[in-house]
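Shown below: final31.csv, with CSV, C-alpha atoms and all ligand atoms.
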```csv
chain,number,residue,atom,x,y,z
A,454,MET,CA,50.8,21.9,-21.2
A,455,ARG,CA,51.2,22.9,-24.8
A,456,ILE,CA,49.5,20.5,-27.3
A,457,ALA,CA,49.6,20.4,-31.1
A,458,PHE,CA,46.8,18.7,-33.1
A,459,LEU,CA,47.3,17.9,-36.7
A,460,GLY,CA,44.4,16.8,-38.9
A,461,LEU,CA,41.0,18.5,-38.5
A,462,GLY,CA,39.0,15.9,-40.5
A,463,ASP,CA,35.6,14.4,-39.7
A,464,ILE,CA,36.8,12.9,-36.4
A,465,GLY,CA,39.9,15.0,-35.7
A,466,ALA,CA,38.0,18.3,-35.6
A,467,PRO,CA,35.6,17.3,-32.7
A,468,MET,CA,38.5,15.8,-30.8
A,469,ALA,CA,40.5,19.0,-31.1
A,470,HIS,CA,37.4,21.0,-30.1
A,471,HIS,CA,37.4,19.3,-26.7
A,472,ILE,CA,41.2,20.0,-26.2
A,473,ALA,CA,40.5,23.7,-27.1
A,474,GLY,CA,38.0,23.7,-24.2
A,475,SER,CA,40.5,22.3,-21.7
A,476,ALA,CA,43.1,24.1,-19.6
A,477,HIS,CA,45.9,23.3,-22.1
A,478,GLU,CA,47.3,25.6,-24.8
A,479,LEU,CA,46.4,24.3,-28.3
A,480,VAL,CA,48.0,24.8,-31.7
A,481,VAL,CA,46.3,23.2,-34.7
A,482,TRP,CA,47.5,22.5,-38.2
A,483,ASN,CA,45.5,21.2,-41.2
A,484,ARG,CA,46.6,20.5,-44.8
A,485,THR,CA,43.8,22.7,-46.1
A,486,ALA,CA,44.7,25.8,-44.2
A,487,ALA,CA,41.1,27.3,-44.4
A,488,LYS,CA,39.9,24.6,-42.0
A,489,ALA,CA,42.6,25.5,-39.4
A,490,ALA,CA,41.8,29.2,-39.8
A,491,ARG,CA,38.1,28.5,-39.2
A,492,PHE,CA,39.0,26.4,-36.1
A,493,GLU,CA,41.0,29.3,-34.8
A,494,ARG,CA,38.1,31.7,-35.4
A,495,GLU,CA,35.7,29.4,-33.6
A,496,HIS,CA,38.1,28.7,-30.6
A,497,LYS,CA,39.5,31.7,-29.0
A,498,SER,CA,42.0,29.6,-27.0
A,499,ALA,CA,43.5,27.9,-30.2
A,500,ARG,CA,46.1,29.1,-32.6
A,501,ALA,CA,46.5,27.9,-36.2
A,502,ALA,CA,50.0,27.1,-37.5
A,503,SER,CA,51.0,27.4,-41.1
A,504,SER,CA,53.1,24.2,-41.2
A,505,PRO,CA,53.5,20.9,-39.2
A,506,ALA,CA,56.9,22.2,-38.0
A,507,GLU,CA,55.4,25.4,-36.7
A,508,ALA,CA,52.6,23.5,-35.0
A,509,VAL,CA,54.7,21.1,-33.0
A,510,ARG,CA,57.5,23.5,-31.9
A,511,ASP,CA,57.8,23.6,-28.1
A,512,CYS,CA,54.9,21.3,-27.6
A,513,ASP,CA,54.8,18.7,-24.8
A,514,ILE,CA,52.2,16.5,-26.6
A,515,VAL,CA,51.6,16.2,-30.4
A,516,ILE,CA,48.5,14.5,-31.7
A,517,THR,CA,48.1,13.4,-35.3
A,518,CYS,CA,44.7,12.2,-36.8
A,519,LEU,CA,45.3,11.6,-40.5
A,520,PRO,CA,43.9,9.1,-43.0
A,521,SER,CA,46.6,6.5,-42.7
A,522,SER,CA,50.2,5.9,-41.6
A,523,VAL,CA,51.4,7.0,-45.0
A,524,GLU,CA,50.2,10.6,-44.3
A,525,VAL,CA,51.7,10.4,-40.8
A,526,GLU,CA,55.1,9.6,-42.3
A,527,GLU,CA,54.7,12.4,-44.8
A,528,VAL,CA,53.8,15.0,-42.2
A,529,LEU,CA,56.8,13.8,-40.1
A,530,HIS,CA,59.3,13.9,-43.0
A,531,GLN,CA,58.2,16.6,-45.5
A,532,PRO,CA,60.5,19.7,-45.7
A,533,ASP,CA,58.4,21.7,-43.2
A,534,GLY,CA,57.4,18.6,-41.3
A,535,MET,CA,57.4,17.7,-37.7
A,536,LEU,CA,60.7,15.8,-37.3
A,537,GLY,CA,63.2,18.6,-36.9
A,538,ALA,CA,60.8,20.7,-34.8
A,539,LEU,CA,59.6,18.1,-32.2
A,540,ARG,CA,61.0,18.9,-28.8
A,541,ASP,CA,63.2,16.2,-27.3
A,542,GLY,CA,61.3,14.4,-24.6
A,543,CYS,CA,57.8,15.1,-26.0
A,544,VAL,CA,55.2,12.5,-26.8
A,545,LEU,CA,53.6,11.8,-30.2
A,546,ILE,CA,50.1,10.4,-29.9
A,547,ASP,CA,48.9,9.0,-33.2
A,548,CYS,CA,45.1,8.8,-33.3
A,549,THR,CA,45.2,7.8,-36.9
A,550,SER,CA,43.9,4.3,-37.6
A,551,GLY,CA,47.3,3.4,-38.8
A,552,ASP,CA,49.4,0.3,-39.5
A,553,PRO,CA,51.4,-1.3,-36.7
A,554,GLU,CA,54.6,-1.8,-38.6
A,555,THR,CA,55.0,1.9,-39.7
A,556,SER,CA,54.2,2.9,-36.1
A,557,ARG,CA,57.0,0.7,-34.8
A,558,ASP,CA,59.4,2.3,-37.4
A,559,ILE,CA,58.4,5.8,-36.4
A,560,ALA,CA,58.8,5.0,-32.7
A,561,ALA,CA,62.3,3.6,-33.3
A,562,GLU,CA,63.2,6.7,-35.3
A,563,LEU,CA,62.1,9.0,-32.5
A,564,ALA,CA,63.4,7.0,-29.5
A,565,PRO,CA,67.0,8.2,-29.6
A,566,ARG,CA,65.8,11.8,-28.9
A,567,GLY,CA,63.7,10.6,-25.9
A,568,ILE,CA,60.5,11.2,-27.9
A,569,GLU,CA,57.9,8.5,-27.1
A,570,PHE,CA,55.2,7.3,-29.5
A,571,VAL,CA,51.8,6.1,-28.5
A,572,ASP,CA,49.4,4.7,-31.1
A,573,ALA,CA,45.9,5.7,-30.0
A,574,PRO,CA,43.3,5.1,-32.7
A,575,VAL,CA,39.7,5.8,-31.7
A,576,SER,CA,36.3,4.2,-32.2
A,577,GLY,CA,32.7,5.2,-31.7
A,578,GLY,CA,32.4,7.5,-34.8
A,579,THR,CA,31.7,11.2,-35.1
A,580,ILE,CA,28.8,11.2,-32.6
A,581,ALA,CA,31.0,9.8,-29.8
A,582,ALA,CA,33.7,12.2,-30.8
A,583,ILE,CA,31.3,15.2,-30.5
A,584,GLU,CA,30.2,13.8,-27.1
A,585,ALA,CA,33.8,13.2,-25.9
A,586,ARG,CA,33.1,9.5,-25.3
A,587,LEU,CA,35.4,7.8,-27.8
A,588,THR,CA,36.9,4.4,-27.1
A,589,VAL,CA,40.7,4.8,-27.4
A,590,MET,CA,43.0,1.8,-27.8
A,591,CYS,CA,46.6,2.5,-26.9
A,592,GLY,CA,50.0,1.0,-27.8
A,593,GLY,CA,53.3,2.2,-26.3
A,594,SER,CA,55.4,1.9,-23.1
A,595,GLU,CA,53.3,1.8,-19.9
A,596,SER,CA,55.1,5.0,-18.7
A,597,ALA,CA,54.2,6.9,-21.9
A,598,PHE,CA,50.6,5.7,-21.6
A,599,ALA,CA,50.4,6.9,-18.1
A,600,ARG,CA,51.8,10.3,-19.2
A,601,VAL,CA,49.2,10.8,-22.1
A,602,LYS,CA,46.1,9.2,-20.5
A,603,PRO,CA,44.9,12.5,-18.9
A,604,VAL,CA,45.1,14.2,-22.3
A,605,ILE,CA,43.3,11.3,-24.0
A,606,GLU,CA,40.6,11.5,-21.3
A,607,ILE,CA,39.7,14.9,-22.7
A,608,PHE,CA,38.0,13.2,-25.7
A,609,GLY,CA,37.9,9.5,-24.7
A,610,LYS,CA,35.7,7.6,-22.3
A,611,LYS,CA,36.9,3.9,-22.5
A,612,ILE,CA,40.7,4.1,-22.7
A,613,VAL,CA,42.4,0.8,-23.0
A,614,TYR,CA,46.1,0.0,-22.8
A,615,CYS,CA,46.6,-2.8,-25.4
A,616,GLY,CA,50.4,-3.4,-25.2
A,617,PRO,CA,53.6,-2.1,-26.9
A,618,VAL,CA,53.8,0.3,-29.8
A,619,GLY,CA,51.5,-1.0,-32.6
A,620,ALA,CA,49.1,-2.9,-30.3
A,621,GLY,CA,46.5,-0.1,-30.5
A,622,HIS,CA,46.6,-0.1,-34.3
A,623,THR,CA,46.4,-3.9,-34.3
A,624,VAL,CA,43.2,-3.9,-32.3
A,625,LYS,CA,41.7,-1.1,-34.4
A,626,ALA,CA,42.5,-3.0,-37.6
A,627,VAL,CA,40.9,-6.3,-36.5
A,628,ASN,CA,37.8,-4.4,-35.2
A,629,GLN,CA,37.4,-2.7,-38.6
A,630,ALA,CA,37.7,-6.1,-40.4
A,631,LEU,CA,34.8,-7.2,-38.2
A,632,LEU,CA,32.8,-4.1,-39.1
A,633,ALA,CA,33.3,-4.7,-42.8
A,634,VAL,CA,32.3,-8.4,-42.4
A,635,HIS,CA,29.2,-7.5,-40.5
A,636,ILE,CA,28.0,-4.8,-43.0
A,637,LEU,CA,28.7,-7.0,-46.0
A,638,ALA,CA,27.2,-10.2,-44.5
A,639,THR,CA,24.1,-8.4,-43.2
A,640,ALA,CA,23.6,-6.8,-46.6
A,641,GLU,CA,23.9,-10.2,-48.3
A,642,ALA,CA,21.3,-11.6,-45.9
A,643,LEU,CA,18.9,-8.8,-46.5
A,644,VAL,CA,19.3,-8.7,-50.3
A,645,ALA,CA,18.6,-12.4,-50.4
A,646,ALA,CA,15.5,-12.0,-48.2
A,647,ALA,CA,14.3,-9.2,-50.4
A,648,LYS,CA,14.8,-11.3,-53.6
A,649,ALA,CA,12.9,-14.1,-51.8
A,650,GLY,CA,9.9,-11.7,-51.3
A,651,VAL,CA,10.4,-10.6,-47.7
A,652,ASN,CA,10.4,-6.9,-46.7
A,653,PRO,CA,14.0,-6.2,-45.5
A,654,ALA,CA,12.6,-4.1,-42.7
A,655,VAL,CA,10.6,-7.1,-41.5
A,656,ALA,CA,13.7,-9.4,-41.8
A,657,LEU,CA,15.8,-6.8,-39.8
A,658,ASP,CA,13.1,-6.7,-37.1
A,659,VAL,CA,13.4,-10.4,-36.6
A,660,ILE,CA,17.2,-10.6,-36.9
A,661,ASN,CA,17.5,-7.8,-34.2
A,662,ALA,CA,15.6,-10.0,-31.8
A,663,SER,CA,17.6,-13.1,-32.8
A,664,SER,CA,21.1,-14.4,-32.9
A,665,GLY,CA,22.1,-12.8,-36.2
A,666,ARG,CA,22.1,-9.3,-34.9
A,667,SER,CA,25.1,-6.9,-34.7
A,668,ASN,CA,25.8,-3.2,-34.5
A,669,SER,CA,25.4,-3.2,-38.3
A,670,SER,CA,21.9,-4.8,-38.2
A,671,GLU,CA,20.7,-2.9,-35.1
A,672,ASN,CA,22.0,0.6,-35.9
A,673,LEU,CA,23.9,1.2,-39.2
A,674,ILE,CA,21.7,-0.5,-41.7
A,675,PRO,CA,18.3,0.6,-40.3
A,676,ALA,CA,19.3,4.2,-39.9
A,677,ARG,CA,21.3,4.6,-43.1
A,678,ALA,CA,20.4,1.9,-45.7
A,679,LEU,CA,16.8,1.2,-45.0
A,680,THR,CA,16.1,5.0,-45.0
A,681,ARG,CA,18.4,5.4,-48.1
A,682,GLU,CA,19.9,8.4,-46.4
A,683,PHE,CA,23.5,7.2,-46.2
A,684,PRO,CA,24.9,10.2,-44.2
A,685,ARG,CA,28.7,10.4,-44.4
A,686,THR,CA,30.4,10.1,-41.1
A,687,PHE,CA,33.3,7.7,-41.9
A,688,ARG,CA,34.5,7.4,-45.5
A,689,LEU,CA,34.4,4.0,-47.2
A,690,ALA,CA,38.0,4.7,-48.5
A,691,LEU,CA,39.1,4.7,-44.8
A,692,LEU,CA,37.4,1.4,-44.1
A,693,ASP,CA,39.1,-0.1,-47.2
A,694,LYS,CA,42.4,1.0,-45.8
A,695,ASP,CA,41.6,-0.5,-42.4
A,696,VAL,CA,40.5,-3.9,-43.7
A,697,ASP,CA,43.6,-4.1,-45.9
A,698,ILE,CA,45.8,-3.5,-42.8
A,699,ALA,CA,43.9,-6.3,-40.9
A,700,ALA,CA,44.2,-8.8,-43.8
A,701,ARG,CA,47.9,-8.0,-44.3
A,702,LEU,CA,48.5,-8.3,-40.5
A,703,ALA,CA,46.9,-11.7,-40.3
A,704,GLN,CA,49.1,-12.8,-43.2
A,705,SER,CA,52.2,-11.4,-41.6
A,706,VAL,CA,51.6,-13.5,-38.5
A,707,GLY,CA,50.8,-16.6,-40.4
A,708,VAL,CA,47.0,-16.7,-39.7
A,709,PRO,CA,44.9,-17.9,-42.6
A,710,ALA,CA,42.0,-15.3,-42.7
A,711,PRO,CA,39.8,-16.0,-45.7
A,712,MET,CA,36.9,-14.0,-44.2
A,713,MET,CA,39.1,-10.9,-43.8
A,714,ASP,CA,40.6,-11.4,-47.3
A,715,LEU,CA,37.2,-11.5,-48.8
A,716,ALA,CA,36.0,-8.5,-46.8
A,717,ALA,CA,39.1,-6.6,-48.0
A,718,ARG,CA,38.4,-7.6,-51.6
A,719,LEU,CA,34.7,-6.6,-51.5
A,720,THR,CA,35.4,-3.4,-49.5
A,721,ARG,CA,38.0,-2.4,-52.2
A,722,GLU,CA,35.6,-3.2,-55.0
A,723,ALA,CA,32.9,-1.0,-53.3
A,724,HIS,CA,35.4,1.8,-52.7
A,725,GLU,CA,36.4,1.7,-56.4
A,726,MET,CA,32.7,1.6,-57.5
A,727,LEU,CA,31.6,4.5,-55.2
A,728,GLY,CA,34.6,6.8,-55.0
A,729,GLU,CA,36.4,8.7,-52.2
A,730,GLU,CA,33.5,10.6,-50.6
A,731,ALA,CA,31.1,7.6,-50.1
A,732,ASP,CA,30.2,6.6,-46.5
A,733,HIS,CA,31.3,3.2,-45.3
A,734,VAL,CA,27.7,1.9,-45.0
A,735,GLU,CA,27.3,2.5,-48.7
A,736,ALA,CA,29.3,-0.7,-49.2
A,737,VAL,CA,25.8,-2.3,-49.2
A,738,ARG,CA,25.3,-0.8,-52.6
A,739,LEU,CA,27.8,-3.2,-54.0
A,740,VAL,CA,25.9,-6.2,-52.6
A,741,GLU,CA,22.6,-4.7,-53.9
A,742,LYS,CA,24.2,-4.3,-57.4
A,743,HIS,CA,25.4,-7.9,-57.4
A,744,GLY,CA,22.1,-9.2,-56.0
A,745,GLY,CA,19.7,-7.1,-58.0
A,746,ALA,CA,17.6,-5.9,-55.0
A,747,GLU,CA,17.7,-2.9,-52.6
A,748,ILE,CA,17.6,-2.9,-48.8
A,749,ARG,CA,14.6,-0.6,-48.3
A,750,ASN,CA,11.3,-0.8,-46.4
A,751,THR,CA,8.8,-2.1,-49.0
A,752,ALA,CA,5.7,-1.7,-46.7
A,753,LYS,CA,3.0,0.4,-48.2
B,801,LIG,P1,38.9,12.7,-43.0
B,801,LIG,O1,39.1,12.1,-44.4
B,801,LIG,O2,37.6,13.4,-42.7
B,801,LIG,O3,40.1,13.8,-42.7
B,801,LIG,C1,41.4,13.5,-43.0
B,801,LIG,C2,42.3,14.5,-42.4
B,801,LIG,O4,43.7,14.2,-42.8
B,801,LIG,C3,42.0,15.9,-42.9
B,801,LIG,O5,42.4,16.9,-42.0
B,801,LIG,C4,42.9,16.0,-44.1
B,801,LIG,O6,43.2,17.3,-44.5
B,801,LIG,C5,44.1,15.3,-43.6
B,801,LIG,N1,45.0,14.8,-44.7
B,801,LIG,C6,44.7,14.0,-45.7
B,801,LIG,N2,45.7,13.8,-46.5
B,801,LIG,C7,46.8,14.4,-46.0
B,801,LIG,C8,48.1,14.6,-46.3
B,801,LIG,N3,48.6,14.0,-47.4
B,801,LIG,N4,48.9,15.4,-45.5
B,801,LIG,C9,48.4,16.0,-44.5
B,801,LIG,N5,47.1,15.9,-44.1
B,801,LIG,C10,46.3,15.1,-44.8
B,801,LIG,O7,39.2,11.5,-42.0
B,801,LIG,P2,38.6,11.3,-40.6
B,801,LIG,O8,38.8,12.5,-39.7
B,801,LIG,O9,37.3,10.6,-40.7
B,801,LIG,O10,39.6,10.1,-40.1
B,801,LIG,C11,40.9,10.3,-39.5
B,801,LIG,C12,41.4,9.0,-39.0
B,801,LIG,O11,40.5,8.6,-38.0
B,801,LIG,C13,41.5,7.9,-40.1
B,801,LIG,O12,42.6,7.1,-39.8
B,801,LIG,C14,40.2,7.1,-39.8
B,801,LIG,O13,40.3,5.8,-40.2
B,801,LIG,C15,40.0,7.3,-38.3
B,801,LIG,N6,38.7,7.2,-37.8
B,801,LIG,C16,37.6,7.9,-38.3
B,801,LIG,C17,36.3,7.7,-37.8
B,801,LIG,C18,35.1,8.5,-38.3
B,801,LIG,O14,34.0,8.2,-37.9
B,801,LIG,N7,35.3,9.4,-39.2
B,801,LIG,C19,36.1,6.8,-36.7
B,801,LIG,C20,37.3,6.2,-36.1
B,801,LIG,C21,38.5,6.3,-36.7
B,801,LIG,P3,42.4,18.2,-45.6
B,801,LIG,O15,41.3,18.9,-44.7
B,801,LIG,O16,43.3,19.0,-46.2
B,801,LIG,O17,41.7,17.2,-46.5
```
Let me see the structure of the file written as structure tokens.
Ligand code: NDP
Amino acid sequence: MRIAFLGLGDIGAPMAHHIAGSAHELVVWNRTAAKAARFEREHKSARAASSPAEAVRDCDIVITCLPSSVEVEEVLHQPDGMLGALRDGCVLIDCTSGDPETSRDIAAELAPRGIEFVDAPVSGGTIAAIEARLTVMCGGSESAFARVKPVIEIFGKKIVYCGPVGAGHTVKAVNQALLAVHILATAEALVAAAKAGVNPAVALDVINASSGRSNSSENLIPARALTREFPRTFRLALLDKDVDIAARLAQSVGVPAPMMDLAARLTREAHEMLGEEADHVEAVRLVEKHGGAEIRNTAK
């Protein structure tokens, strides 16, 4: 099959790398052309295209992995965009963590040409992407899901059919809201413990053997905040976008969600404070600033 991959960012590039190593023919496109050119140099089986239209022409499967649904719409509709060049009958797999409503609009726009849309956002982070063991949550028709599953298996390990178009993006958004809640709440607990005179490393040791533990307390905060290393793997700006999708989703279906609303407000505040390039775990810096203490190991 011929596959196009658009968006060679932190997570998109390792996903595309695995497709380049498969039996399929791969064409890549990236807004910053130098990244696509480098990908082509590093992958003999891949070709870089100069526009979204050129990338998707004659492809059976097109994969997008862009910051949000806003950019997916742009890449579809811009003058040299995908829309006119998509082959009738192909499938568009959107691995962006997007918003369900825009995805339903895109699916409806493509349906008259027999083009199917599958929202397939991923989780597991860049390490799971490099190791081809991402979790992928899919929305679309069951027949489209069956058609694209073998391609998703190239970079995914746990692949879950969640329901009609938008269902994958819905699950991703609520997962991200939980991630933000866990990071912020764990940071509050540790800053309070630090201010009360307890070493945050000691508090974490206990929490991680007790009922307050989460992936944030067990992995993210010890490896990134306690060490003060804060490596960038997933931008805080993207988490901000995700939690906002979740909060608006809850509102649209009439579910009061004060926890999500607060997490969305604080994540936005942290994003504004720290800028576009900060990692998501750096949201703890906002809690540290408000609380006047840092999450660091104070043992001598
Ligand atoms: P990055 O910010 O690293 O990369 C974004 C990609 O989108 C780049 O290729 C960028 O191109 C491109 N892009 C940005 N704006 C536009 C535009 N206006 N038109 C066309 N292309 C554009 O993001 P990630 O790779 O980290 O994330 C991609 C998606 O995956 C997001 O929805 C994110 O929420 C999700 N995700 C990310 C995870 C992670 O660990 N990083 C984990 C799970 C999901 P350019 O190179 O020119 O900037």
ask   = What is the distance between CA of Cys512 (chain A) and CA of Leu587 (chain A), in Å to one decimal?
value =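 For CA of Cys512 (chain A) relative to CA of Leu587 (chain A), the distance reads 23.7 Å.
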task = List all protein, DNA and RNA residues that have any atom at most 7 Å from ligand LIG 801 (chain B), counting all atoms listed in the file, and write the list as a VMD selection string.
result = chain A and resid 460 to 465 483 to 485 488 518 to 521 524 527 to 528 548 to 551 574 to 579 686 to 688 691 to 692 695
query = Which distance in Å separates CA of Ala486 (chain A) and CA of Ile516 (chain A), to one decimal?
reply = 17.3 Å
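Nearest residue to Leu673 (chain A), choosing from A:Glu725, A:Asp511, A:Asp533, A:Asp732 and counting all atoms listed in the file: A:Asp732.
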request  = For CA of Asp541 (chain A) and CA of Arg510 (chain A), determine how far apart the two atoms are, in Å to one decimal place.
outcome  =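 So the answer is 10.3 Å.
The residue that comes closest to Val601 (chain A), out of A:Ser556, A:Ser498, A:Gly621, A:Ile546 and on the basis of all atoms listed in the file, is A:Ile546.
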key: Test item: residues at most 12 Å from region 595-598 of chain A, all atoms listed in the file, excluding those fewer than 6 positions along its chain, as a PyMOL selection string   = chain A and resi 514+542-546+560+564+567-573+589+604-606+612-618+621
Expected file: the selected residues, C-alpha atoms, as a PDB file, keeping the file's coordinate frame:
```pdb
ATOM      1  CA  ILE A 514      52.200  16.500 -26.600  1.00  0.00           C
ATOM      2  CA  GLY A 542      61.300  14.400 -24.600  1.00  0.00           C
ATOM      3  CA  CYS A 543      57.800  15.100 -26.000  1.00  0.00           C
ATOM      4  CA  VAL A 544      55.200  12.500 -26.800  1.00  0.00           C
ATOM      5  CA  LEU A 545      53.600  11.800 -30.200  1.00  0.00           C
ATOM      6  CA  ILE A 546      50.100  10.400 -29.900  1.00  0.00           C
ATOM      7  CA  ALA A 560      58.800   5.000 -32.700  1.00  0.00           C
ATOM      8  CA  ALA A 564      63.400   7.000 -29.500  1.00  0.00           C
ATOM      9  CA  GLY A 567      63.700  10.600 -25.900  1.00  0.00           C
ATOM     10  CA  ILE A 568      60.500  11.200 -27.900  1.00  0.00           C
ATOM     11  CA  GLU A 569      57.900   8.500 -27.100  1.00  0.00           C
ATOM     12  CA  PHE A 570      55.200   7.300 -29.500  1.00  0.00           C
ATOM     13  CA  VAL A 571      51.800   6.100 -28.500  1.00  0.00           C
ATOM     14  CA  ASP A 572      49.400   4.700 -31.100  1.00  0.00           C
ATOM     15  CA  ALA A 573      45.900   5.700 -30.000  1.00  0.00           C
ATOM     16  CA  VAL A 589      40.700   4.800 -27.400  1.00  0.00           C
ATOM     17  CA  VAL A 604      45.100  14.200 -22.300  1.00  0.00           C
ATOM     18  CA  ILE A 605      43.300  11.300 -24.000  1.00  0.00           C
ATOM     19  CA  GLU A 606      40.600  11.500 -21.300  1.00  0.00           C
ATOM     20  CA  ILE A 612      40.700   4.100 -22.700  1.00  0.00           C
ATOM     21  CA  VAL A 613      42.400   0.800 -23.000  1.00  0.00           C
ATOM     22  CA  TYR A 614      46.100   0.000 -22.800  1.00  0.00           C
ATOM     23  CA  CYS A 615      46.600  -2.800 -25.400  1.00  0.00           C
ATOM     24  CA  GLY A 616      50.400  -3.400 -25.200  1.00  0.00           C
ATOM     25  CA  PRO A 617      53.600  -2.100 -26.900  1.00  0.00           C
ATOM     26  CA  VAL A 618      53.800   0.300 -29.800  1.00  0.00           C
ATOM     27  CA  GLY A 621      46.500  -0.100 -30.500  1.00  0.00           C
TER      28      GLY A 621
END
```
ask   = Excluding same-chain residues fewer than 2 positions from region 645-652 of chain A, what lies within 12 Å of it counting all atoms listed in the file, as a PyMOL selection string?
value = chain A and resi 638-643+654-660+679+740-741+743-753
Residues from the last selection, C-alpha atoms, saved as a PDB file, in the coordinates of the input:
```pdb
ATOM      1  CA  ALA A 638      27.200 -10.200 -44.500  1.00  0.00           C
ATOM      2  CA  THR A 639      24.100  -8.400 -43.200  1.00  0.00           C
ATOM      3  CA  ALA A 640      23.600  -6.800 -46.600  1.00  0.00           C
ATOM      4  CA  GLU A 641      23.900 -10.200 -48.300  1.00  0.00           C
ATOM      5  CA  ALA A 642      21.300 -11.600 -45.900  1.00  0.00           C
ATOM      6  CA  LEU A 643      18.900  -8.800 -46.500  1.00  0.00           C
ATOM      7  CA  ALA A 654      12.600  -4.100 -42.700  1.00  0.00           C
ATOM      8  CA  VAL A 655      10.600  -7.100 -41.500  1.00  0.00           C
ATOM      9  CA  ALA A 656      13.700  -9.400 -41.800  1.00  0.00           C
ATOM     10  CA  LEU A 657      15.800  -6.800 -39.800  1.00  0.00           C
ATOM     11  CA  ASP A 658      13.100  -6.700 -37.100  1.00  0.00           C
ATOM     12  CA  VAL A 659      13.400 -10.400 -36.600  1.00  0.00           C
ATOM     13  CA  ILE A 660      17.200 -10.600 -36.900  1.00  0.00           C
ATOM     14  CA  LEU A 679      16.800   1.200 -45.000  1.00  0.00           C
ATOM     15  CA  VAL A 740      25.900  -6.200 -52.600  1.00  0.00           C
ATOM     16  CA  GLU A 741      22.600  -4.700 -53.900  1.00  0.00           C
ATOM     17  CA  HIS A 743      25.400  -7.900 -57.400  1.00  0.00           C
ATOM     18  CA  GLY A 744      22.100  -9.200 -56.000  1.00  0.00           C
ATOM     19  CA  GLY A 745      19.700  -7.100 -58.000  1.00  0.00           C
ATOM     20  CA  ALA A 746      17.600  -5.900 -55.000  1.00  0.00           C
ATOM     21  CA  GLU A 747      17.700  -2.900 -52.600  1.00  0.00           C
ATOM     22  CA  ILE A 748      17.600  -2.900 -48.800  1.00  0.00           C
ATOM     23  CA  ARG A 749      14.600  -0.600 -48.300  1.00  0.00           C
ATOM     24  CA  ASN A 750      11.300  -0.800 -46.400  1.00  0.00           C
ATOM     25  CA  THR A 751       8.800  -2.100 -49.000  1.00  0.00           C
ATOM     26  CA  ALA A 752       5.700  -1.700 -46.700  1.00  0.00           C
ATOM     27  CA  LYS A 753       3.000   0.400 -48.200  1.00  0.00           C
TER      28      LYS A 753
END
```
message = Using only C-alpha atoms, which protein or nucleic acid residues come within 7 Å of Ala502 (chain A)? Drop anything in the same chain fewer than 5 positions from it, and give the result as a list in words.
response = Val480, Val481, Trp482, Glu507 and Ala508 of chain A
For C-alpha atoms, I'd like the residues from the last selection saved as a PDB file, in the coordinates of the input.
```
ATOM      1  CA  VAL A 480      48.000  24.800 -31.700  1.00  0.00           C
ATOM      2  CA  VAL A 481      46.300  23.200 -34.700  1.00  0.00           C
ATOM      3  CA  TRP A 482      47.500  22.500 -38.200  1.00  0.00           C
ATOM      4  CA  GLU A 507      55.400  25.400 -36.700  1.00  0.00           C
ATOM      5  CA  ALA A 508      52.600  23.500 -35.000  1.00  0.00           C
TER       6      ALA A 508
END
```
